[in-house]
$ cat structure10.cif   # mmCIF, C-alpha atoms; chains and numbers go by the auth columns
data_run
loop_
_atom_site.group_PDB
_atom_site.id
_atom_site.type_symbol
_atom_site.label_atom_id
_atom_site.label_comp_id
_atom_site.label_asym_id
_atom_site.label_seq_id
_atom_site.Cartn_x
_atom_site.Cartn_y
_atom_site.Cartn_z
_atom_site.B_iso_or_equiv
_atom_site.auth_seq_id
_atom_site.auth_asym_id
ATOM 1 C CA MET A 1 0.000 0.000 0.000 0.00 18 B
ATOM 2 C CA ALA A 2 1.648 3.227 -1.086 0.00 19 B
ATOM 3 C CA ALA A 3 1.113 6.540 0.601 0.00 20 B
ATOM 4 C CA GLY A 4 -1.335 8.565 -1.466 0.00 21 B
ATOM 5 C CA SER A 5 -3.397 11.716 -1.138 0.00 22 B
ATOM 6 C CA THR A 6 -5.532 10.209 1.655 0.00 23 B
ATOM 7 C CA TYR A 7 -2.447 9.680 3.818 0.00 24 B
ATOM 8 C CA THR A 8 -1.133 12.633 5.789 0.00 25 B
ATOM 9 C CA PRO A 9 2.545 12.223 6.717 0.00 26 B
ATOM 10 C CA ILE A 10 2.969 12.508 10.482 0.00 27 B
ATOM 11 C CA ALA A 11 6.605 11.485 10.990 0.00 28 B
ATOM 12 C CA THR A 12 9.454 9.555 9.417 0.00 29 B
ATOM 13 C CA THR A 13 12.364 8.219 11.426 0.00 30 B
ATOM 14 C CA THR A 14 15.612 7.143 9.751 0.00 31 B
ATOM 15 C CA LEU A 15 17.917 5.552 12.289 0.00 32 B
ATOM 16 C CA GLY A 16 21.425 7.027 12.499 0.00 33 B
ATOM 17 C CA SER A 17 22.552 4.241 14.818 0.00 34 B
ATOM 18 C CA SER A 18 21.126 0.926 15.982 0.00 35 B
ATOM 19 C CA GLN A 19 18.120 1.093 18.337 0.00 36 B
ATOM 20 C CA ALA A 20 16.152 -1.586 20.186 0.00 37 B
ATOM 21 C CA THR A 21 12.831 0.200 19.630 0.00 38 B
ATOM 22 C CA VAL A 22 11.252 2.929 17.528 0.00 39 B
ATOM 23 C CA THR A 23 8.427 4.942 19.110 0.00 40 B
ATOM 24 C CA PHE A 24 5.956 7.386 17.603 0.00 41 B
ATOM 25 C CA SER A 25 4.126 9.545 20.157 0.00 42 B
ATOM 26 C CA SER A 26 1.935 12.649 20.423 0.00 43 B
ATOM 27 C CA ILE A 27 -0.329 11.348 17.670 0.00 44 B
ATOM 28 C CA SER A 28 -3.676 13.112 17.319 0.00 45 B
ATOM 29 C CA GLY A 29 -6.214 14.403 14.827 0.00 46 B
ATOM 30 C CA TYR A 30 -6.811 11.321 12.714 0.00 47 B
ATOM 31 C CA THR A 31 -9.176 8.354 12.588 0.00 48 B
ATOM 32 C CA ASP A 32 -6.693 5.661 11.522 0.00 49 B
ATOM 33 C CA LEU A 33 -2.921 5.264 11.335 0.00 50 B
ATOM 34 C CA VAL A 34 -0.685 3.576 8.770 0.00 51 B
ATOM 35 C CA ILE A 35 2.940 2.598 9.396 0.00 52 B
ATOM 36 C CA VAL A 36 5.192 1.652 6.481 0.00 53 B
ATOM 37 C CA THR A 37 8.646 0.212 7.103 0.00 54 B
ATOM 38 C CA ASN A 38 11.354 -1.947 5.583 0.00 55 B
ATOM 39 C CA PRO A 39 13.577 -2.439 8.638 0.00 56 B
ATOM 40 C CA ILE A 40 16.878 -4.266 8.981 0.00 57 B
ATOM 41 C CA ILE A 41 18.492 -5.689 12.100 0.00 58 B
ATOM 42 C CA THR A 42 22.060 -5.882 13.339 0.00 59 B
ATOM 43 C CA GLY A 43 24.055 -9.123 13.375 0.00 60 B
ATOM 44 C CA ALA A 44 21.378 -11.716 14.161 0.00 61 B
ATOM 45 C CA THR A 45 19.093 -14.199 12.513 0.00 62 B
ATOM 46 C CA ALA A 46 15.744 -13.149 11.067 0.00 63 B
ATOM 47 C CA LEU A 47 13.230 -12.163 13.751 0.00 64 B
ATOM 48 C CA ASN A 48 9.598 -11.220 14.247 0.00 65 B
ATOM 49 C CA LEU A 49 8.493 -7.608 14.091 0.00 66 B
ATOM 50 C CA GLN A 50 6.324 -6.648 17.071 0.00 67 B
ATOM 51 C CA MET A 51 4.432 -3.546 18.174 0.00 68 B
ATOM 52 C CA TYR A 52 2.747 -2.303 21.331 0.00 69 B
ATOM 53 C CA PHE A 53 0.762 0.732 22.426 0.00 70 B
ATOM 54 C CA ASN A 54 1.083 3.179 25.332 0.00 71 B
ATOM 55 C CA ALA A 55 3.953 1.195 26.932 0.00 72 B
ATOM 56 C CA ASP A 56 1.625 -1.829 27.350 0.00 73 B
ATOM 57 C CA ASN A 57 4.009 -4.723 26.617 0.00 74 B
ATOM 58 C CA ALA A 58 4.188 -6.678 29.853 0.00 75 B
ATOM 59 C CA GLY A 59 0.723 -8.180 30.120 0.00 76 B
ATOM 60 C CA THR A 60 -1.546 -10.338 28.043 0.00 77 B
ATOM 61 C CA SER A 61 -3.793 -7.770 26.387 0.00 78 B
ATOM 62 C CA TYR A 62 -3.086 -8.640 22.730 0.00 79 B
ATOM 63 C CA SER A 63 -4.306 -11.487 20.518 0.00 80 B
ATOM 64 C CA PHE A 64 -3.834 -12.278 16.842 0.00 81 B
ATOM 65 C CA ILE A 65 -4.813 -14.443 13.898 0.00 82 B
ATOM 66 C CA ARG A 66 -2.014 -15.077 11.445 0.00 83 B
ATOM 67 C CA LEU A 67 -2.187 -16.247 7.796 0.00 84 B
ATOM 68 C CA THR A 68 1.071 -17.027 6.046 0.00 85 B
ATOM 69 C CA GLY A 69 2.156 -18.532 2.740 0.00 86 B
ATOM 70 C CA ASN A 70 5.305 -19.135 0.738 0.00 87 B
ATOM 71 C CA GLY A 71 3.995 -20.032 -2.732 0.00 88 B
ATOM 72 C CA SER A 72 3.752 -23.754 -2.101 0.00 89 B
ATOM 73 C CA ALA A 73 2.151 -23.998 1.351 0.00 90 B
ATOM 74 C CA ALA A 74 -0.140 -21.904 3.515 0.00 91 B
ATOM 75 C CA SER A 75 -0.899 -21.991 7.223 0.00 92 B
ATOM 76 C CA SER A 76 -2.758 -20.120 9.930 0.00 93 B
ATOM 77 C CA ASP A 77 -2.809 -19.905 13.694 0.00 94 B
ATOM 78 C CA ARG A 78 -4.407 -17.954 16.516 0.00 95 B
ATOM 79 C CA ILE A 79 -2.786 -16.790 19.742 0.00 96 B
ATOM 80 C CA SER A 80 -4.546 -15.158 22.706 0.00 97 B
ATOM 81 C CA ASN A 81 -3.143 -13.322 25.712 0.00 98 B
ATOM 82 C CA TYR A 82 0.132 -12.154 24.177 0.00 99 B
ATOM 83 C CA PRO A 83 2.262 -9.199 25.420 0.00 100 B
ATOM 84 C CA THR A 84 2.505 -7.425 22.004 0.00 101 B
ATOM 85 C CA CYS A 85 1.047 -7.244 18.504 0.00 102 B
ATOM 86 C CA VAL A 86 2.877 -9.696 16.221 0.00 103 B
ATOM 87 C CA LEU A 87 3.429 -8.340 12.708 0.00 104 B
ATOM 88 C CA SER A 88 5.363 -11.140 10.999 0.00 105 B
ATOM 89 C CA ALA A 89 5.642 -14.919 10.752 0.00 106 B
ATOM 90 C CA ASN A 90 7.032 -16.299 7.486 0.00 107 B
ATOM 91 C CA VAL A 91 8.337 -12.863 6.470 0.00 108 B
ATOM 92 C CA ARG A 92 10.844 -11.750 9.071 0.00 109 B
ATOM 93 C CA VAL A 93 13.083 -8.807 9.787 0.00 110 B
ATOM 94 C CA ALA A 94 16.566 -9.657 8.492 0.00 111 B
ATOM 95 C CA THR A 95 20.082 -8.227 8.264 0.00 112 B
ATOM 96 C CA ALA A 96 19.380 -6.895 4.752 0.00 113 B
ATOM 97 C CA TYR A 97 16.453 -5.038 3.225 0.00 114 B
ATOM 98 C CA GLY A 98 13.810 -7.214 1.645 0.00 115 B
ATOM 99 C CA ALA A 99 10.685 -7.318 3.806 0.00 116 B
ATOM 100 C CA GLN A 100 8.127 -4.527 3.451 0.00 117 B
ATOM 101 C CA PHE A 101 5.636 -4.069 6.310 0.00 118 B
ATOM 102 C CA ASN A 102 2.349 -2.164 5.964 0.00 119 B
ATOM 103 C CA ILE A 103 0.535 -1.766 9.272 0.00 120 B
ATOM 104 C CA ASN A 104 -2.983 -0.307 9.608 0.00 121 B
ATOM 105 C CA ILE A 105 -4.240 0.755 13.037 0.00 122 B
ATOM 106 C CA PHE A 106 -7.973 1.402 13.007 0.00 123 B
ATOM 107 C CA ASN A 107 -9.883 3.835 15.278 0.00 124 B
ATOM 108 C CA TYR A 108 -6.762 4.441 17.350 0.00 125 B
ATOM 109 C CA SER A 109 -8.225 7.388 19.277 0.00 126 B
ATOM 110 C CA ASN A 110 -11.636 5.848 19.980 0.00 127 B
ATOM 111 C CA THR A 111 -12.192 5.328 23.715 0.00 128 B
ATOM 112 C CA THR A 112 -15.171 2.970 23.485 0.00 129 B
ATOM 113 C CA THR A 113 -13.746 0.087 21.434 0.00 130 B
ATOM 114 C CA TYR A 114 -10.792 -2.305 21.393 0.00 131 B
ATOM 115 C CA LYS A 115 -8.160 -1.496 18.758 0.00 132 B
ATOM 116 C CA THR A 116 -7.726 -3.591 15.605 0.00 133 B
ATOM 117 C CA VAL A 117 -4.451 -3.787 13.680 0.00 134 B
ATOM 118 C CA LEU A 118 -4.065 -5.292 10.209 0.00 135 B
ATOM 119 C CA SER A 119 -0.524 -5.936 9.039 0.00 136 B
ATOM 120 C CA ARG A 120 0.830 -7.303 5.802 0.00 137 B
ATOM 121 C CA SER A 121 4.424 -8.172 5.099 0.00 138 B
ATOM 122 C CA ASN A 122 5.989 -9.315 1.843 0.00 139 B
ATOM 123 C CA ASN A 123 9.340 -10.703 0.783 0.00 140 B
ATOM 124 C CA ALA A 124 9.630 -12.229 -2.697 0.00 141 B
ATOM 125 C CA SER A 125 12.154 -14.834 -1.519 0.00 142 B
ATOM 126 C CA VAL A 126 10.095 -16.210 1.412 0.00 143 B
ATOM 127 C CA GLY A 127 6.411 -15.337 1.055 0.00 144 B
ATOM 128 C CA THR A 128 3.748 -13.150 2.577 0.00 145 B
ATOM 129 C CA ASP A 129 1.975 -12.743 5.916 0.00 146 B
ATOM 130 C CA THR A 130 -1.330 -11.161 6.845 0.00 147 B
ATOM 131 C CA ILE A 131 -2.007 -10.768 10.557 0.00 148 B
ATOM 132 C CA VAL A 132 -4.993 -9.308 12.407 0.00 149 B
ATOM 133 C CA ASN A 133 -4.185 -8.164 15.953 0.00 150 B
ATOM 134 C CA LEU A 134 -6.527 -6.989 18.680 0.00 151 B
ATOM 135 C CA TRP A 135 -5.451 -4.802 21.595 0.00 152 B
ATOM 136 C CA ARG A 136 -8.036 -5.397 24.270 0.00 153 B
ATOM 137 C CA SER A 137 -8.078 -1.866 25.641 0.00 154 B
ATOM 138 C CA THR A 138 -10.463 1.040 25.155 0.00 155 B
ATOM 139 C CA ALA A 139 -7.706 3.574 25.877 0.00 156 B
ATOM 140 C CA ALA A 140 -6.826 5.950 23.064 0.00 157 B
ATOM 141 C CA ILE A 141 -3.462 5.114 21.521 0.00 158 B
ATOM 142 C CA THR A 142 -1.010 7.903 22.323 0.00 159 B
ATOM 143 C CA SER A 143 2.225 6.079 21.452 0.00 160 B
ATOM 144 C CA VAL A 144 3.199 3.234 19.124 0.00 161 B
ATOM 145 C CA THR A 145 6.436 1.290 19.686 0.00 162 B
ATOM 146 C CA LEU A 146 7.990 -1.176 17.226 0.00 163 B
ATOM 147 C CA GLN A 147 10.589 -3.767 18.221 0.00 164 B
ATOM 148 C CA CYS A 148 11.987 -7.149 17.212 0.00 165 B
ATOM 149 C CA ASP A 149 11.633 -10.120 19.508 0.00 166 B
ATOM 150 C CA SER A 150 14.590 -11.422 21.539 0.00 167 B
ATOM 151 C CA GLY A 151 15.957 -7.952 22.213 0.00 168 B
ATOM 152 C CA VAL A 152 17.565 -7.548 18.777 0.00 169 B
ATOM 153 C CA SER A 153 18.143 -3.977 17.557 0.00 170 B
ATOM 154 C CA PHE A 154 17.123 -2.245 14.353 0.00 171 B
ATOM 155 C CA ALA A 155 20.168 -1.270 12.268 0.00 172 B
ATOM 156 C CA SER A 156 21.279 2.195 11.241 0.00 173 B
ATOM 157 C CA GLY A 157 19.498 3.220 8.030 0.00 174 B
ATOM 158 C CA SER A 158 16.183 1.548 8.915 0.00 175 B
ATOM 159 C CA ILE A 159 13.277 3.813 7.955 0.00 176 B
ATOM 160 C CA PHE A 160 9.895 3.976 9.722 0.00 177 B
ATOM 161 C CA SER A 161 7.075 6.231 8.476 0.00 178 B
ATOM 162 C CA ILE A 162 3.700 6.897 10.073 0.00 179 B
ATOM 163 C CA TYR A 163 0.719 8.436 8.297 0.00 180 B
ATOM 164 C CA GLY A 164 -2.662 9.615 9.527 0.00 181 B
ATOM 165 C CA ILE A 165 -5.992 9.070 7.790 0.00 182 B
ATOM 166 C CA ALA A 166 -8.718 11.566 8.689 0.00 183 B
ATOM 167 C CA ALA A 167 -12.403 10.743 8.817 0.00 184 B
ATOM 168 C CA ALA A 168 -14.157 11.278 5.483 0.00 185 B
#

$ encode --input "structure10.cif" --output "structure tokens"
Amino acid sequence: MAAGSTYTPIATTTLGSSQATVTFSSISGYTDLVIVTNPIITGATALNLQMYFNADNAGTSYSFIRLTGNGSAASSDRISNYPTCVLSANVRVATAYGAQFNINIFNYSNTTTYKTVLSRSNNASVGTDTIVNLWRSTAAITSVTLQCDSGVSFASGSIFSIYGIAAA
């Protein structure tokens, strides 16, 4: 999904050095959010991309349904009571560019509903993932943090962009 006229750029972060997390905060004035990234990691094996909201990454308030395929096989699974949103499975963050992640966060500022996240990741050499996450909180999202699992850092040069979509 490319950024078009309906997307309003909010912020882009290009890392000048390796970082364990990337956080966007002070987000307001939109209905939905879109994050686009093609991150790389430093000196490790391929890892899952994860995300959490408002510093909520220690409990069990997230769940997800994951669909993944590699051109010759497809699979799915469902996990409840997880500490973060999971944004990858077959397509992983690696030490070189190659995986594009498009992450949609719906109704992020609504204070009466749980928050739904739809992510899609693609890498021509390994396949594609589509994952639907649910954050079981009615709190408005005021910060979004991305990380890899296992404490691995994002490498210098990784780019993360966030866009807002206003109500029609």

$ closest_residue --input "structure10.cif" --among "B:Leu66, B:Lys132, B:Tyr47, B:Val110" --to "Ser80 (chain B)" --atoms "all atoms listed in the file"
B:Lys132

$ resolve_selection --input "structure10.cif" --expression "the PyMOL selection byres ((chain B and resi 44) around 12)" --output "PDB file with C-alpha atoms, in the coordinates of the input"
ATOM      1  CA  THR B  25      -1.133  12.633   5.789  1.00  0.00           C
ATOM      2  CA  PRO B  26       2.545  12.223   6.717  1.00  0.00           C
ATOM      3  CA  ILE B  27       2.969  12.508  10.482  1.00  0.00           C
ATOM      4  CA  ALA B  28       6.605  11.485  10.990  1.00  0.00           C
ATOM      5  CA  THR B  40       8.427   4.942  19.110  1.00  0.00           C
ATOM      6  CA  PHE B  41       5.956   7.386  17.603  1.00  0.00           C
ATOM      7  CA  SER B  42       4.126   9.545  20.157  1.00  0.00           C
ATOM      8  CA  SER B  43       1.935  12.649  20.423  1.00  0.00           C
ATOM      9  CA  SER B  45      -3.676  13.112  17.319  1.00  0.00           C
ATOM     10  CA  GLY B  46      -6.214  14.403  14.827  1.00  0.00           C
ATOM     11  CA  TYR B  47      -6.811  11.321  12.714  1.00  0.00           C
ATOM     12  CA  THR B  48      -9.176   8.354  12.588  1.00  0.00           C
ATOM     13  CA  ASP B  49      -6.693   5.661  11.522  1.00  0.00           C
ATOM     14  CA  LEU B  50      -2.921   5.264  11.335  1.00  0.00           C
ATOM     15  CA  VAL B  51      -0.685   3.576   8.770  1.00  0.00           C
ATOM     16  CA  PHE B  70       0.762   0.732  22.426  1.00  0.00           C
ATOM     17  CA  ASN B  71       1.083   3.179  25.332  1.00  0.00           C
ATOM     18  CA  TYR B 125      -6.762   4.441  17.350  1.00  0.00           C
ATOM     19  CA  SER B 126      -8.225   7.388  19.277  1.00  0.00           C
ATOM     20  CA  ALA B 157      -6.826   5.950  23.064  1.00  0.00           C
ATOM     21  CA  ILE B 158      -3.462   5.114  21.521  1.00  0.00           C
ATOM     22  CA  THR B 159      -1.010   7.903  22.323  1.00  0.00           C
ATOM     23  CA  SER B 160       2.225   6.079  21.452  1.00  0.00           C
ATOM     24  CA  VAL B 161       3.199   3.234  19.124  1.00  0.00           C
ATOM     25  CA  ILE B 179       3.700   6.897  10.073  1.00  0.00           C
ATOM     26  CA  TYR B 180       0.719   8.436   8.297  1.00  0.00           C
ATOM     27  CA  GLY B 181      -2.662   9.615   9.527  1.00  0.00           C
ATOM     28  CA  ILE B 182      -5.992   9.070   7.790  1.00  0.00           C
TER      29      ILE B 182
END

$ residues_around --input "structure10.cif" --residues "region 134-148 of chain B" --least-positions-apart "2" --cutoff "8 Å" --atoms "all atoms listed in the file" --output "ChimeraX atom specification"
/B:81-88,103-108,115-123,132,150-151

$ resolve_selection --input "structure10.cif" --expression "the PyMOL selection byres ((chain B and resi 172) around 12)" --output "count of residues only"
31

$ atom_distance --input "structure10.cif" --atom1 "CA of Arg153 (chain B)" --atom2 "CA of Ser93 (chain B)"
21.2 Å

$ closest_residue --input "structure10.cif" --among "B:Arg109, B:Asn127, B:Cys102, B:Asp166" --to "Val149 (chain B)" --atoms "all atoms listed in the file"
B:Cys102

$ closest_residue --input "structure10.cif" --among "B:Trp152, B:Tyr24, B:Ile52, B:Ser78" --to "Ala184 (chain B)" --atoms "only C-alpha atoms"
B:Tyr24

$ resolve_selection --input "structure10.cif" --expression "the PyMOL selection byres ((chain B and resi 99) around 8)" --output "list of chain:residue names"
B:Gly76, B:Thr77, B:Ser78, B:Tyr79, B:Ser80, B:Ile96, B:Ser97, B:Asn98, B:Pro100, B:Thr101, B:Cys102

$ atom_distance --input "structure10.cif" --atom1 "CA of Asn124 (chain B)" --atom2 "CA of Gly168 (chain B)"
29.2 Å

$ atom_distance --input "structure10.cif" --atom1 "CA of Thr30 (chain B)" --atom2 "CA of Tyr131 (chain B)"
27.3 Å

$ closest_residue --input "structure10.cif" --among "B:Ser167, B:Ser89, B:Thr162, B:Thr133" --to "Ala63 (chain B)" --atoms "all atoms listed in the file"
B:Ser167

$ closest_residue --input "structure10.cif" --among "B:Ala91, B:Thr29, B:Asp73, B:Val53" --to "Ser154 (chain B)" --atoms "only C-alpha atoms"
B:Asp73
